[in-house]
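Novice: One structure coming up, written as structure tokens, with questions to follow.
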Amino acid sequence: MKKNNRKTLVAVLVIAVALIALLIATTRSSTQYFLTVSELQSGETDMTGRNVRMSGVVLGDTIVYDPQTLDLTFEVAQIPGDHRVINEMGGMAVVLEKAAADPTLPRITIHYNGVKPDLLKHEAQAIVSGSLDVNGIFQAKELLLKCPSKYESALPSQAGN
Amino acid sequence: MFYLGLISFAASMLVMLIALILTIFQLIKRQTILTKLSITLASVSFGLHTLSILTLMAMQVLQDYSISYVVSVVNSVMPTILKMTAVWGGQAGSLFFWGWTLNLVLFISLHVRRQIQDGWSFLFTALNLLFFGVLSLFAENPFSRVWLTEAGNILEGVFSPAAGATVYGGLSGFGLNPLLRHWGMVIHPPILYLGFALFLVPFSVAISYLIRGETEEGLLGETRLWLLSAWILLTAGIVLGSWWSYDVLGWGGYWAWDPVETASLIPWFTSTGLLHSLLLQKQRKIFQRFNFVLILLTYILIIFSILITRAGLLNSVHAFGESNISLPLTLLTLTLVGVSVALLAWRWRRLYSGWELTSLVTRDAAFLYTNVILISLTIVCFYGLAYPLVTGVLTGTQIGLDRTFFDQAATPLFILLAALMAVCPLSAWSVNAIRQLGKSAVIPLILSIFLTAVSYFLLTKSWLALLVLFVVGFGLLLMLALTLRDFRSPHEAGKRWWGQRARYGAWFVHTGVLLIALGIVGMEALSGSIQGTMIPGDKMPLRSYEVEFVQLTTEYENPEYLTIEAELVLWKDGKAVAKLYPGQHLYENRGQYVSIPDKQSTLRGDFYTLLLDYNSMMGYVTIQASDNPLVNFMWIGALLMVLGAALAASMPWKSLQPGYIDEQEQELPR
């Protein structure tokens with residue numbers, strides 16, 4: 001009985017060590033900093049070349065897309081990263097609308113190579129993963145879009161009618 | 001209509017509350033059997049709940065725009081089926097629908113032939129149900145109305161938000177987000193929800209067993225059908241989501257390790273492990289503790305998955321955005337964890353069932369390895385999801401893990417799992433039987449090595465893809481060889497087959513998983529794509545295919561959007577094989593478009609085309625064409641998994657008595 005227990009313990013330890021090793025090895029290579037536009041540009045720590053995930057509001061006029069080469073560039077403006085702040089400001093739809101209209105907010109140019117997503121348009125929320133290059137352009141490897149303004153919070157935007 | 005819907009909903013919750021209080025009184029009197037009255041009340045509650053959801057559906061179909069939820073998900077030109085299913089198209093509605101699903105499951109559990117609810121399990125089921133019902137009523141009410149104040153402002157609220165405000169129905173509906181207008185939206189959410197909800201019954205029954213201190217194996221037999229049906233629907237729900245995502249592309253391909261996708265996969269891992277170790281407990285009387293842990297954990301992980309989806313804690317394409325129900329959901333998750341841990345700790349000694357393996361190669365050992373891998377996958381995925389949340393709390397900045405983490409950490413585990421499934425038919429309950437079976441493996445082994453070598457020269461040089469191809473090939477051939485061996489003597493072969501349908505069902509499921517692996521190899525290692533701009537008459541080559549652009553058409557076939565379509569002819573080896581019409585639906589009022597890919601599907605794979613850009617003045621288009629070989633084996637595999645599990649479920653638990661499978665093995669013709 002004792003012997004059996006010891007064997008079990010050894011087996012569990014071996015598996016645990018293997019799993020932890022797997023997790024550590026993969027964590028290192030895929031760590032990603034979730035930042036806002038201003039945090040990325042603040043320069044407190046130099047983020048150039050680091051793996052970053054960032055969210056911002058798309059400025060519709062800045063979208064340039066070449067379907068031949070699939071090169072897509074556009075600018076996004078700063079939106080807060082904290083859910084509580086967003087809620088206090090009246091929800092994501094309101095935040096996006098205000099941020100897109102405010103020229104004083106920090107902005108950054110995004111470059112992405114790939115099919116232009118259907119939802120990429122003015123006031124959409126873009127979530128990009130990639131890194132900042134030496135020219136200050138964000139090279140996105142992954143581009144995700146959400147537009148809550150037309151979906152959930154339908155009412156406030158109609159209130160003026 | 002509004003009053004009918006709201007009152008029947010509130011009444012349904014009230015009646016359930018009364019049933020709950022009655023049950024608590026019974027339990028205080030140490031009466032654990034559920035009274036007839038409680039059952040009747042619960043059924044009445046379900047009836048009212050159903051009436052309420054039908055009312056909401058009717059208001060959507062009739063476009064009652066005094067209800068703010070209807071305004072946000074319905075418009076006048078959506079097809080009726082989408083108007084109906086918009087019940088789960090938005091945050092408030094889908095929470096309401098989830099509550100109803102739980103009530104439906106409770107109703108079924110009280111009225112099936114083998115009613116397994118007692119006072120304690122009813123208590124826990126009803127508490128969970130009431131939790132979500134109350135959230136719906138007070139935090140996210142789908143019956144909330146639109147009000148016009150005297151000052152001319154439009155406000156939202158169940159009851160008048162200001163003096164003098166009147167109900168206002170003059171808004172025009174926005175309609176469901178165009179990306180959600182797909183068959184996937186009609187079937188994927190309800191199937192997934194039902195799969196999730198069905199796990200509540202085994203959870204509650206397990207809690208009841210723990211409280212009563214009963215550790216007979218009765219629990220297993222009684223919940224097995226529930227677990228299997230839940231597992232079938234969960235599997236179907238996940239794969240339907242993947243299929244939808246592949247079919248419209250807008251969600252990022254068939255699998256993107258999106259937090260919401262990952263969160264639904266985690267309970268799948270634990271429940272799959274549970275199905276294996278349940279059989280082990282039946283056969284070998286071991287692993288009882290482990291099974292209790294898994295039953296409880298699976299439901300907790302489902303609630304966690306709902307939390308991830310609804311709380312908006314992580315950026316995800318599926319998430320509903322910010323919401324005010326994340327705190328109560330977090331509290332529910334923590335409470336469930338607390339209750340489960342406390343009960344397990346209390347009964348831990350009594351649950352001891354010993355666990356001696358007969359050998360390291362027998363079937364019980366294989367099951368153990370399977371579960372070790374499934375638990376590892378659970379840990380990996382949970383770690384990946386929780387990492388940014390934890391770093392966010394600890395350091396202030398969220399530091400997350402990108403999808404390469406999931407790809408790298410999960411792939412080796414998936415391959416090990418596939419390898420185990422491939423050799424699974426070789427394992428038996430006794431070492432002797434394994435020696436016998438080993439001889440049947442020689443031919444499949446040689447054949448699969450040969451096939452892998454052929455793939456190396458013809459298909460791919462990626463060693464990872466080749467490894468998976470070898471594992472899949474061996475597994476499929478082995479199952480085929482053993483099936484053929486079983487049927488060598490035709491005498492009553494069908495009857496013998498039916499008598500062992502639990503085993504064949506499991507084989508079907510395993511075949512299905514291996515086929516899915518084949519599809520993933522196709523998508524990840526063998527697919528190729530090209531894009532180019534063409535004028536009418538141009539051809540673009542891809543492998544043995546050629547895509548010819550014929551013309552661009554623009555049509556207002558739907559009142560809501562403009563349809564732009566490129567007419568393409570697909571040529572293969574110099575012969576025209578199909579016409580394809582990839583296009584875009586342009587929703588001009590929303591300033592949004594949705595790409596509608598078109599594909600030629602064959603068993604060999606898909607030829608997938610996408611309209612990237614067009615210029616109707618100049619008449620040119622930019623097309624992306626992809627050749628996705630083997631992809632359809634994913635959907636075929638999933639179908640086999642579901643059918644196989646259903647086949648296994650049709651086997652009565654009683655006939656899986658210890659020794660049953662051994663006897664069957666001895667019956668095999670040698």
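By order of appearance in the structure tokens: chains A, B, ..., then residues from 1 within every chain, and ligands from 1 in the order shown.
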Give the strand (DSSP E or B) residues of chain A, as DSSP finds them on the backbone, and put them as an NGL selection string.

Specialist: :A and (31-36 or 52-66 or 71-78 or 107-113 or 125-132 or 138-146)

Novice: Counting only C-alpha atoms, which residues of chain A sit at most 7 Å from some atom of chain B, and what is each one's closest atom pair with its distance in Å to one decimal, listed by chain and rising residue number, as a tab-separated table?

Specialist:
residue	atom	partner	partner_atom	distance
A:Leu22	CA	B:Ala409	CA	6.4
A:Leu23	CA	B:Ala409	CA	6.8
A:Thr26	CA	B:Phe405	CA	5.5
A:Thr27	CA	B:Phe405	CA	6.4
A:Ser30	CA	B:Leu401	CA	5.3
A:Thr31	CA	B:Leu401	CA	4.8
A:Gln32	CA	B:Gly400	CA	4.9
A:Tyr33	CA	B:Ile399	CA	4.5
A:Phe34	CA	B:Gln398	CA	5.2
A:Pro67	CA	B:Asp613	CA	6.3
A:Gln68	CA	B:Gly532	CA	6.3
A:His83	CA	B:Glu322	CA	6.9
A:Val115	CA	B:Leu612	CA	6.8
A:Asp118	CA	B:Val594	CA	5.6
A:Leu119	CA	B:Gln592	CA	6.6
A:Lys146	CA	B:Val317	CA	6.8
A:Tyr151	CA	B:Asn177	CA	6.2
A:Glu152	CA	B:Ser72	CA	6.5
A:Ala154	CA	B:Ser72	CA	5.7
A:Ala159	CA	B:Ile154	CA	5.5

Novice: Would you mind exporting C-alpha atoms of the selected residues as a PDB file, in the first residue's frame?

Specialist:
ATOM      1  CA  LEU A  22       5.232  23.444 -20.754  1.00  0.00           C
ATOM      2  CA  LEU A  23       3.388  26.409 -19.300  1.00  0.00           C
ATOM      3  CA  THR A  26       5.008  28.830 -23.759  1.00  0.00           C
ATOM      4  CA  THR A  27       4.193  31.733 -21.457  1.00  0.00           C
ATOM      5  CA  SER A  30       3.696  34.614 -25.948  1.00  0.00           C
ATOM      6  CA  THR A  31       3.464  37.233 -23.233  1.00  0.00           C
ATOM      7  CA  GLN A  32       1.484  40.201 -24.387  1.00  0.00           C
ATOM      8  CA  TYR A  33       1.011  43.615 -22.763  1.00  0.00           C
ATOM      9  CA  PHE A  34      -2.526  44.993 -22.789  1.00  0.00           C
ATOM     10  CA  PRO A  67      -6.702  45.213 -52.075  1.00  0.00           C
ATOM     11  CA  GLN A  68      -3.840  44.210 -54.381  1.00  0.00           C
ATOM     12  CA  HIS A  83     -14.236  49.010 -17.647  1.00  0.00           C
ATOM     13  CA  VAL A 115      -8.154  41.058 -45.690  1.00  0.00           C
ATOM     14  CA  ASP A 118     -16.106  43.933 -42.586  1.00  0.00           C
ATOM     15  CA  LEU A 119     -16.505  45.867 -39.379  1.00  0.00           C
ATOM     16  CA  LYS A 146     -16.352  45.446 -32.403  1.00  0.00           C
ATOM     17  CA  TYR A 151     -25.845  46.758 -31.470  1.00  0.00           C
ATOM     18  CA  GLU A 152     -26.436  46.935 -27.781  1.00  0.00           C
ATOM     19  CA  ALA A 154     -29.199  51.441 -29.614  1.00  0.00           C
ATOM     20  CA  ALA A 159     -32.504  60.064 -28.573  1.00  0.00           C
TER      21      ALA A 159
END

Novice: Please extract the residues of range 200-297 of chain B with a backbone DSSP assignment of alpha helix (DSSP H) and present them as a VMD selection string.

Specialist: chain B and resid 200 to 212 218 to 248 259 to 284 288 to 297

Novice: Provide the CA of Tyr254 in chain B to CA of Val631 in chain B distance in Å, to one decimal place.

Specialist: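 About the pair CA of Tyr254 in chain B and CA of Val631 in chain B: they are 9.8 Å apart.
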
Novice: If we count only C-alpha atoms, what is near Met57 in chain B at a cut-off of 12 Å, once residues fewer than 5 positions away on the same chain are taken out, given as a count of residues only?

Specialist: 29

Novice: Might you pull out every residue within 10 Å of Arg107 in chain A, with only C-alpha atoms counted and same-chain residues fewer than 6 positions away left off, and present them as a PyMOL selection string?

Specialist: chain A and resi 37-38+41+56-59+75-79

Novice: Contacts of Leu228 in chain B at 12 Å or less, counting only C-alpha atoms, minus same-chain residues fewer than 5 places along, as number ranges by chain?

Specialist: B: 195-196, 198-199, 202, 220-223, 233-235, 268, 271-276, 278, 502, 505-506, 641-651, 653

Novice: Output N, CA and C atoms for every residue in the selection just made, as an mmCIF file, in the first residue's frame.

Specialist:
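Heads up, here's the output in again_28.cif:
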data_model
loop_
_atom_site.group_PDB
_atom_site.id
_atom_site.type_symbol
_atom_site.label_atom_id
_atom_site.label_comp_id
_atom_site.auth_asym_id
_atom_site.auth_seq_id
_atom_site.Cartn_x
_atom_site.Cartn_y
_atom_site.Cartn_z
ATOM 1 N N GLY B 195 -26.938 22.323 -23.883
ATOM 2 C CA GLY B 195 -25.849 21.459 -23.439
ATOM 3 C C GLY B 195 -25.318 21.913 -22.086
ATOM 4 N N PHE B 196 -25.090 23.211 -21.957
ATOM 5 C CA PHE B 196 -24.632 23.775 -20.686
ATOM 6 C C PHE B 196 -25.636 23.463 -19.574
ATOM 7 N N LEU B 198 -27.979 21.260 -19.221
ATOM 8 C CA LEU B 198 -28.199 19.877 -18.813
ATOM 9 C C LEU B 198 -27.206 19.433 -17.732
ATOM 10 N N PHE B 199 -26.039 20.073 -17.675
ATOM 11 C CA PHE B 199 -25.063 19.690 -16.656
ATOM 12 C C PHE B 199 -25.504 20.098 -15.253
ATOM 13 N N PRO B 202 -26.881 16.766 -13.175
ATOM 14 C CA PRO B 202 -25.867 15.946 -12.494
ATOM 15 C C PRO B 202 -25.186 16.703 -11.354
ATOM 16 N N LEU B 220 -24.074 7.395 -10.381
ATOM 17 C CA LEU B 220 -23.510 7.308 -11.716
ATOM 18 C C LEU B 220 -24.530 6.835 -12.713
ATOM 19 N N GLY B 221 -25.205 5.750 -12.360
ATOM 20 C CA GLY B 221 -26.176 5.195 -13.275
ATOM 21 C C GLY B 221 -27.248 6.210 -13.591
ATOM 22 N N GLU B 222 -27.638 6.966 -12.554
ATOM 23 C CA GLU B 222 -28.747 7.883 -12.746
ATOM 24 C C GLU B 222 -28.369 9.109 -13.569
ATOM 25 N N THR B 223 -27.129 9.541 -13.438
ATOM 26 C CA THR B 223 -26.789 10.764 -14.158
ATOM 27 C C THR B 223 -26.122 10.503 -15.504
ATOM 28 N N LEU B 233 -24.821 17.603 -26.782
ATOM 29 C CA LEU B 233 -25.236 18.951 -27.181
ATOM 30 C C LEU B 233 -24.086 19.943 -27.078
ATOM 31 N N LEU B 234 -23.250 19.773 -26.056
ATOM 32 C CA LEU B 234 -22.100 20.660 -25.907
ATOM 33 C C LEU B 234 -21.163 20.498 -27.103
ATOM 34 N N THR B 235 -20.894 19.245 -27.457
ATOM 35 C CA THR B 235 -20.034 18.975 -28.618
ATOM 36 C C THR B 235 -20.629 19.604 -29.868
ATOM 37 N N TRP B 268 -15.925 21.119 -21.756
ATOM 38 C CA TRP B 268 -15.940 19.946 -22.637
ATOM 39 C C TRP B 268 -14.826 18.979 -22.223
ATOM 40 N N SER B 271 -15.865 17.277 -18.918
ATOM 41 C CA SER B 271 -16.963 16.318 -19.036
ATOM 42 C C SER B 271 -16.541 15.101 -19.845
ATOM 43 N N THR B 272 -15.654 15.293 -20.802
ATOM 44 C CA THR B 272 -15.150 14.139 -21.539
ATOM 45 C C THR B 272 -14.374 13.228 -20.593
ATOM 46 N N GLY B 273 -13.560 13.837 -19.734
ATOM 47 C CA GLY B 273 -12.836 13.044 -18.747
ATOM 48 C C GLY B 273 -13.796 12.297 -17.842
ATOM 49 N N LEU B 274 -14.862 12.980 -17.470
ATOM 50 C CA LEU B 274 -15.863 12.386 -16.587
ATOM 51 C C LEU B 274 -16.484 11.144 -17.214
ATOM 52 N N LEU B 275 -16.830 11.229 -18.498
ATOM 53 C CA LEU B 275 -17.464 10.082 -19.158
ATOM 54 C C LEU B 275 -16.532 8.873 -19.123
ATOM 55 N N HIS B 276 -15.238 9.112 -19.225
ATOM 56 C CA HIS B 276 -14.291 8.003 -19.174
ATOM 57 C C HIS B 276 -14.165 7.426 -17.762
ATOM 58 N N LEU B 278 -16.189 7.613 -15.309
ATOM 59 C CA LEU B 278 -17.426 6.990 -14.825
ATOM 60 C C LEU B 278 -17.426 5.506 -15.155
ATOM 61 N N ALA B 502 -22.090 -0.001 -26.978
ATOM 62 C CA ALA B 502 -21.406 1.004 -26.162
ATOM 63 C C ALA B 502 -19.967 1.149 -26.649
ATOM 64 N N GLY B 505 -19.919 2.635 -30.144
ATOM 65 C CA GLY B 505 -20.244 4.055 -30.026
ATOM 66 C C GLY B 505 -19.001 4.864 -29.680
ATOM 67 N N ALA B 506 -18.241 4.328 -28.700
ATOM 68 C CA ALA B 506 -17.006 5.013 -28.310
ATOM 69 C C ALA B 506 -16.036 5.068 -29.491
ATOM 70 N N MET B 641 -19.095 11.912 -33.943
ATOM 71 C CA MET B 641 -18.978 11.984 -32.482
ATOM 72 C C MET B 641 -20.348 11.997 -31.838
ATOM 73 N N VAL B 642 -21.221 12.840 -32.410
ATOM 74 C CA VAL B 642 -22.561 12.972 -31.836
ATOM 75 C C VAL B 642 -23.342 11.662 -31.970
ATOM 76 N N LEU B 643 -23.281 11.063 -33.170
ATOM 77 C CA LEU B 643 -24.014 9.819 -33.386
ATOM 78 C C LEU B 643 -23.447 8.691 -32.526
ATOM 79 N N GLY B 644 -22.121 8.639 -32.441
ATOM 80 C CA GLY B 644 -21.473 7.596 -31.641
ATOM 81 C C GLY B 644 -21.870 7.688 -30.181
ATOM 82 N N ALA B 645 -21.883 8.929 -29.666
ATOM 83 C CA ALA B 645 -22.257 9.108 -28.262
ATOM 84 C C ALA B 645 -23.712 8.716 -28.045
ATOM 85 N N ALA B 646 -24.575 9.021 -29.035
ATOM 86 C CA ALA B 646 -25.983 8.646 -28.913
ATOM 87 C C ALA B 646 -26.117 7.125 -28.918
ATOM 88 N N LEU B 647 -25.328 6.472 -29.761
ATOM 89 C CA LEU B 647 -25.357 5.011 -29.821
ATOM 90 C C LEU B 647 -24.950 4.418 -28.478
ATOM 91 N N ALA B 648 -23.873 4.956 -27.912
ATOM 92 C CA ALA B 648 -23.404 4.453 -26.623
ATOM 93 C C ALA B 648 -24.445 4.712 -25.539
ATOM 94 N N ALA B 649 -25.142 5.859 -25.648
ATOM 95 C CA ALA B 649 -26.130 6.199 -24.634
ATOM 96 C C ALA B 649 -27.313 5.250 -24.657
ATOM 97 N N SER B 650 -27.568 4.646 -25.843
ATOM 98 C CA SER B 650 -28.715 3.743 -25.943
ATOM 99 C C SER B 650 -28.461 2.432 -25.204
ATOM 100 N N MET B 651 -27.228 2.201 -24.801
ATOM 101 C CA MET B 651 -26.891 0.999 -24.036
ATOM 102 C C MET B 651 -27.264 1.236 -22.584
ATOM 103 N N TRP B 653 -27.243 1.334 -18.738
ATOM 104 C CA TRP B 653 -26.123 1.361 -17.796
ATOM 105 C C TRP B 653 -25.991 0.019 -17.095
#

Novice: Grab the CA of Val167 in chain B to CA of Leu6 in chain B distance for me, in Å with one decimal place.

Specialist: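 Interatomic distance here is 15.3 Å.
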
Novice: I'd like the neighbourhood of range 289-292 of chain B as a ChimeraX atom specification, where a residue qualifies if any of its atoms comes within 10 Å (using only C-alpha atoms), though same-chain residues fewer than 2 positions away should be ignored.

Specialist: /B:202-203,206-207,209-210,215,219-220,270-271,273-278,280-281,286-287,294-297,340,344,347-354

Novice: Mind writing the picked residues with N, CA and C atoms as a JSON list (two decimals), in the first residue's frame?

Specialist:
[["chain", "number", "residue", "atom", "x", "y", "z"],
["B", 202, "PRO", "N", -26.88, 16.77, -13.17],
["B", 202, "PRO", "CA", -25.87, 15.95, -12.49],
["B", 202, "PRO", "C", -25.19, 16.70, -11.35],
["B", 203, "PHE", "N", -24.95, 17.99, -11.56],
["B", 203, "PHE", "CA", -24.33, 18.80, -10.51],
["B", 203, "PHE", "C", -25.18, 18.78, -9.25],
["B", 206, "ALA", "N", -25.28, 15.40, -7.60],
["B", 206, "ALA", "CA", -24.02, 15.09, -6.91],
["B", 206, "ALA", "C", -23.96, 15.83, -5.58],
["B", 207, "ILE", "N", -24.39, 17.09, -5.59],
["B", 207, "ILE", "CA", -24.42, 17.87, -4.34],
["B", 207, "ILE", "C", -25.31, 17.17, -3.32],
["B", 209, "TYR", "N", -26.09, 14.01, -3.16],
["B", 209, "TYR", "CA", -25.43, 12.78, -2.66],
["B", 209, "TYR", "C", -24.41, 13.12, -1.59],
["B", 210, "LEU", "N", -23.68, 14.21, -1.82],
["B", 210, "LEU", "CA", -22.66, 14.60, -0.85],
["B", 210, "LEU", "C", -23.30, 15.00, 0.47],
["B", 215, "THR", "N", -22.89, 7.25, -0.91],
["B", 215, "THR", "CA", -21.83, 7.08, -1.89],
["B", 215, "THR", "C", -22.03, 5.81, -2.69],
["B", 219, "LEU", "N", -25.65, 7.09, -8.10],
["B", 219, "LEU", "CA", -25.46, 8.40, -8.71],
["B", 219, "LEU", "C", -25.04, 8.29, -10.17],
["B", 220, "LEU", "N", -24.07, 7.40, -10.38],
["B", 220, "LEU", "CA", -23.51, 7.31, -11.72],
["B", 220, "LEU", "C", -24.53, 6.84, -12.71],
["B", 270, "THR", "N", -13.44, 18.63, -19.21],
["B", 270, "THR", "CA", -13.72, 17.96, -17.95],
["B", 270, "THR", "C", -14.86, 16.95, -18.10],
["B", 271, "SER", "N", -15.87, 17.28, -18.92],
["B", 271, "SER", "CA", -16.96, 16.32, -19.04],
["B", 271, "SER", "C", -16.54, 15.10, -19.85],
["B", 273, "GLY", "N", -13.56, 13.84, -19.73],
["B", 273, "GLY", "CA", -12.84, 13.04, -18.75],
["B", 273, "GLY", "C", -13.80, 12.30, -17.84],
["B", 274, "LEU", "N", -14.86, 12.98, -17.47],
["B", 274, "LEU", "CA", -15.86, 12.39, -16.59],
["B", 274, "LEU", "C", -16.48, 11.14, -17.21],
["B", 275, "LEU", "N", -16.83, 11.23, -18.50],
["B", 275, "LEU", "CA", -17.46, 10.08, -19.16],
["B", 275, "LEU", "C", -16.53, 8.87, -19.12],
["B", 276, "HIS", "N", -15.24, 9.11, -19.23],
["B", 276, "HIS", "CA", -14.29, 8.00, -19.17],
["B", 276, "HIS", "C", -14.16, 7.43, -17.76],
["B", 277, "SER", "N", -14.01, 8.32, -16.79],
["B", 277, "SER", "CA", -13.75, 7.76, -15.46],
["B", 277, "SER", "C", -15.02, 7.21, -14.82],
["B", 278, "LEU", "N", -16.19, 7.61, -15.31],
["B", 278, "LEU", "CA", -17.43, 6.99, -14.82],
["B", 278, "LEU", "C", -17.43, 5.51, -15.16],
["B", 280, "LEU", "N", -14.88, 3.73, -15.62],
["B", 280, "LEU", "CA", -13.85, 3.11, -14.80],
["B", 280, "LEU", "C", -14.39, 2.78, -13.41],
["B", 281, "GLN", "N", -15.19, 3.71, -12.88],
["B", 281, "GLN", "CA", -15.76, 3.47, -11.56],
["B", 281, "GLN", "C", -16.72, 2.29, -11.61],
["B", 286, "ILE", "N", -13.19, 2.23, -8.93],
["B", 286, "ILE", "CA", -12.16, 3.17, -8.50],
["B", 286, "ILE", "C", -12.53, 4.57, -8.99],
["B", 287, "PHE", "N", -11.82, 5.56, -8.49],
["B", 287, "PHE", "CA", -11.97, 6.93, -8.97],
["B", 287, "PHE", "C", -13.24, 7.63, -8.55],
["B", 294, "LEU", "N", -15.09, 16.01, -10.79],
["B", 294, "LEU", "CA", -15.33, 16.40, -12.19],
["B", 294, "LEU", "C", -16.76, 16.86, -12.43],
["B", 295, "ILE", "N", -17.73, 16.18, -11.82],
["B", 295, "ILE", "CA", -19.14, 16.60, -12.00],
["B", 295, "ILE", "C", -19.32, 18.03, -11.50],
["B", 296, "LEU", "N", -18.79, 18.29, -10.31],
["B", 296, "LEU", "CA", -18.95, 19.62, -9.73],
["B", 296, "LEU", "C", -18.19, 20.66, -10.55],
["B", 297, "LEU", "N", -16.95, 20.28, -10.93],
["B", 297, "LEU", "CA", -16.10, 21.22, -11.65],
["B", 297, "LEU", "C", -16.70, 21.61, -13.00],
["B", 340, "SER", "N", -18.90, 23.54, -3.17],
["B", 340, "SER", "CA", -18.38, 22.27, -3.66],
["B", 340, "SER", "C", -17.17, 21.82, -2.85],
["B", 344, "LEU", "N", -17.07, 18.47, -0.51],
["B", 344, "LEU", "CA", -16.10, 17.42, -0.83],
["B", 344, "LEU", "C", -15.18, 17.16, 0.36],
["B", 347, "ARG", "N", -16.98, 15.07, 2.98],
["B", 347, "ARG", "CA", -17.23, 13.66, 2.65],
["B", 347, "ARG", "C", -16.02, 12.96, 2.06],
["B", 348, "TRP", "N", -14.87, 13.63, 2.09],
["B", 348, "TRP", "CA", -13.71, 13.12, 1.36],
["B", 348, "TRP", "C", -13.37, 11.68, 1.74],
["B", 349, "ARG", "N", -13.37, 11.39, 3.03],
["B", 349, "ARG", "CA", -12.99, 10.04, 3.48],
["B", 349, "ARG", "C", -13.98, 9.00, 2.98],
["B", 350, "ARG", "N", -15.25, 9.37, 3.08],
["B", 350, "ARG", "CA", -16.27, 8.41, 2.71],
["B", 350, "ARG", "C", -16.26, 8.10, 1.21],
["B", 351, "LEU", "N", -15.74, 9.05, 0.45],
["B", 351, "LEU", "CA", -15.73, 8.85, -1.00],
["B", 351, "LEU", "C", -14.60, 7.95, -1.46],
["B", 352, "TYR", "N", -13.72, 7.57, -0.51],
["B", 352, "TYR", "CA", -12.54, 6.82, -0.93],
["B", 352, "TYR", "C", -12.94, 5.50, -1.60],
["B", 353, "SER", "N", -12.38, 5.25, -2.72],
["B", 353, "SER", "CA", -12.75, 4.01, -3.41],
["B", 353, "SER", "C", -11.51, 3.22, -3.82],
["B", 354, "GLY", "N", -10.35, 3.70, -3.45],
["B", 354, "GLY", "CA", -9.13, 2.96, -3.82],
["B", 354, "GLY", "C", -8.83, 3.13, -5.28]]
